[in-house]
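As structure tokens, the structure follows; a few thoughts come after it.
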Amino acid sequence: MTASPPFAAVASVAEGDTQDSVVVSCLNFSFPFSAPVIHNLSLELPRGSRCLLTGANGAGKTSLLQVLAGKYMVGEDAVRILGRPAFHDIQLVASGELSYLGPQWRRDIAFAGNNVPMQGDIGAGQMLFGVEGVDPARRDRLIKLLDIDLSWRLNRVSDGQRRRVQICMGLLKPYQVLLLDEITVDMDVVGRLDLLAFFTEECEERGATIIYATHIFDGLERWPTHFAYLEGGRMLKGGPMSGIPELQTDGKLLHVVEGWLRIEKAERRRLAAEPAKPAPKFTAPFMPSKHMAFFR
Ligand SMILES: Nc1ncnc2c1ncn2[C@@H]1O[C@H](COP(=O)(O)OP(=O)(O)OP(=O)(O)O)[C@@H](O)[C@H]1O
């Protein structure tokens, strides 16, 4: 019997559509007045792919997602989403084609024209039905999938319940590229697994492309088609899952990533323990006498 491949191949939703949804080319990025946080990073994701983005705290995952979401200006060729520059083409976000869901409790919902607070005394139903131009069947399905009670007041629910409403808001429009920054941390196991299954369907049936940054690998073994592991802002491992031999065995994802993280941590500690090197002694270069005269 032939063993089934551990990871599903990228869905061939768009036969003949050869353009990658996400193309990052030699991206370098720094916050203002700070040291660089992303170094020479490249990544190509075809339509329909699901990329797991991981790495230690501070590796640069959030920074990368925010750059991809067009929140910071980078060169027009450094980040292309659906063939367009992420920062310069404001229609990408305004149309809902590019959607970013982060851990914060406020979010810009460009198509709703608001910076929507998620913690005020607002009803869940009021929020979800207040967004215009939404397919009612999609909204109903999401409300059911996320188990949302429309009578919830957002200032009187648990973090996990509020998160469900936030996620629902972010998914109402059928995005083409979805960037998820650790959004399932406070969801229960069933809610999280149902959501992951929904994302798989979105990629396979609609050709959506998803990048999901997380430290939680439960239920993710067979989920990604692509992988990106960042270390200190550099892409240490990346590309299709099939190109990363260590990840070809079922059930090994957590184990393999833990191994990389431990090596990284040990190296960080080793470097921190090294005695500070004395500053190099300055020795004046040899100068022929005719040049010495110049300095007098
Ligand atoms: N607004 C900012 N200004 C300056 N530096 C920042 C800013 N935000 C993040 N950084 C720095 O950028 C680096 C990457 O941070 P980032 O939040 O992208 O990491 P991360 O991989 O998402 O971490 P975590 O897993 O903890 O969420 C860190 O060294 C951080 O200190």
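In the structure tokens, chains take the letters A, B, ... in the order shown, each chain's residues start at 1, and ligands count up from 1 in the order shown.
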Distance filter 7 Å around ligand 1, atoms: only C-alpha atoms and all ligand atoms, out as a PDB file with C-alpha atoms, in the first residue's frame:
```pdb
ATOM      1  CA  PHE A  31      10.699  50.417  12.019  1.00  0.00           C
ATOM      2  CA  PRO A  32      11.564  54.113  12.147  1.00  0.00           C
ATOM      3  CA  SER A  34      15.207  51.048  14.850  1.00  0.00           C
ATOM      4  CA  VAL A  37      13.802  43.496  11.775  1.00  0.00           C
ATOM      5  CA  GLY A  55       9.532  31.304  14.786  1.00  0.00           C
ATOM      6  CA  ALA A  56      10.562  32.390  18.289  1.00  0.00           C
ATOM      7  CA  ASN A  57       9.178  35.474  20.017  1.00  0.00           C
ATOM      8  CA  GLY A  58      10.589  38.528  18.314  1.00  0.00           C
ATOM      9  CA  ALA A  59      11.507  36.638  15.117  1.00  0.00           C
ATOM     10  CA  GLY A  60       9.581  39.127  12.968  1.00  0.00           C
ATOM     11  CA  LYS A  61       6.280  37.341  12.211  1.00  0.00           C
ATOM     12  CA  THR A  62       3.988  40.230  13.140  1.00  0.00           C
ATOM     13  CA  SER A  63       6.260  42.733  11.412  1.00  0.00           C
ATOM     14  CA  LEU A  64       6.213  40.650   8.235  1.00  0.00           C
ATOM     15  CA  GLY A 233      14.052  38.414  10.801  1.00  0.00           C
TER      16      GLY A 233
END
```
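Distance annotation: of A:Ala86, A:Arg162, A:Ala213, A:Tyr100, the residue with the minimal separation from Gly123 of chain A is A:Arg162; atom set is only C-alpha atoms.
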Might you pull out every residue within 10 Å of Ser151 of chain A, with only C-alpha atoms counted and same-chain residues fewer than 2 positions away left off, and present them as an MDAnalysis selection string? chainID A and resid 122:126 148:149 153:154
Serialized selection, C-alpha atoms, as a short mmCIF file (atom, residue, chain, number, x, y, z; two decimals), in the first residue's frame:
```
data_model
loop_
_atom_site.label_atom_id
_atom_site.label_comp_id
_atom_site.auth_asym_id
_atom_site.auth_seq_id
_atom_site.Cartn_x
_atom_site.Cartn_y
_atom_site.Cartn_z
CA ILE A 122 -22.18 46.99 21.20
CA GLY A 123 -24.26 43.99 20.27
CA ALA A 124 -22.64 41.22 18.24
CA GLY A 125 -25.61 41.22 15.85
CA GLN A 126 -25.46 44.99 15.45
CA ILE A 148 -21.94 33.41 17.90
CA ASP A 149 -24.95 34.51 19.88
CA ARG A 153 -22.81 42.59 24.26
CA LEU A 154 -19.12 42.86 23.45
#
```
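Among A:His255, A:Lys237, A:Arg164, A:His88, the residue with the shortest atom-to-atom distance to Lys144 of chain A, counting only C-alpha atoms, is A:Arg164.
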Determine, counting only C-alpha atoms, which protein, DNA and RNA residues have an atom within 12 Å of an atom of Ser21 of chain A; residues of the same chain fewer than 3 positions away are not included. Present the result as number ranges by chain. A: 14, 17-18, 24, 43-51, 68, 79-86, 92, 97-98, 175-178, 203, 207-211
Determine the nearest neighbour of Leu247 of chain A from the options A:His39, A:Arg222, A:Leu271, A:Ile263, counting only C-alpha atoms. A:Arg222
I need the residues in segment 15-246 of chain A that are alpha helix (DSSP H) according to DSSP; give them as a ChimeraX atom specification. /A:61-68,91-94,124-129,136-145,159-171,189-206
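Between atom CA of Asp188 of chain A and atom CA of Glu258 of chain A there is a distance of 23.1 Å.
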Can you tell me, as a count of residues only, which residues in segment 45-251 of chain A count as strand (DSSP E or B) by DSSP? 50
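Using only C-alpha atoms, the shortest contact distance between Thr184 of chain A and any of A:Phe217, A:Tyr229, A:Tyr72, A:Trp152 is found at A:Phe217.
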For Phe227 of chain A, work out the shell of residues within 7 Å, counting only C-alpha atoms and skipping chain neighbours fewer than 6 positions away, then give it as a PDB file with N, CA and C atoms, in the first residue's frame.
```pdb
ATOM      1  N   CYS A  51      -0.044  28.972   4.284  1.00  0.00           N
ATOM      2  CA  CYS A  51       1.335  29.024   4.777  1.00  0.00           C
ATOM      3  C   CYS A  51       1.344  29.184   6.287  1.00  0.00           C
ATOM      4  N   LEU A  52       2.032  28.293   6.953  1.00  0.00           N
ATOM      5  CA  LEU A  52       2.224  28.395   8.398  1.00  0.00           C
ATOM      6  C   LEU A  52       3.491  29.210   8.646  1.00  0.00           C
ATOM      7  N   LEU A  53       3.333  30.318   9.386  1.00  0.00           N
ATOM      8  CA  LEU A  53       4.462  31.216   9.664  1.00  0.00           C
ATOM      9  C   LEU A  53       4.813  31.065  11.136  1.00  0.00           C
ATOM     10  N   GLY A 238      11.854  27.753   4.454  1.00  0.00           N
ATOM     11  CA  GLY A 238      10.635  28.281   3.834  1.00  0.00           C
ATOM     12  C   GLY A 238      10.367  27.642   2.489  1.00  0.00           C
ATOM     13  N   GLY A 239       9.116  27.725   2.071  1.00  0.00           N
ATOM     14  CA  GLY A 239       8.723  27.192   0.771  1.00  0.00           C
ATOM     15  C   GLY A 239       7.659  26.128   0.925  1.00  0.00           C
ATOM     16  N   PRO A 240       7.404  25.344  -0.140  1.00  0.00           N
ATOM     17  CA  PRO A 240       6.384  24.291  -0.056  1.00  0.00           C
ATOM     18  C   PRO A 240       6.792  23.240   0.976  1.00  0.00           C
ATOM     19  N   MET A 241       5.818  22.677   1.650  1.00  0.00           N
ATOM     20  CA  MET A 241       6.099  21.651   2.656  1.00  0.00           C
ATOM     21  C   MET A 241       6.890  20.494   2.041  1.00  0.00           C
TER      22      MET A 241
END
```
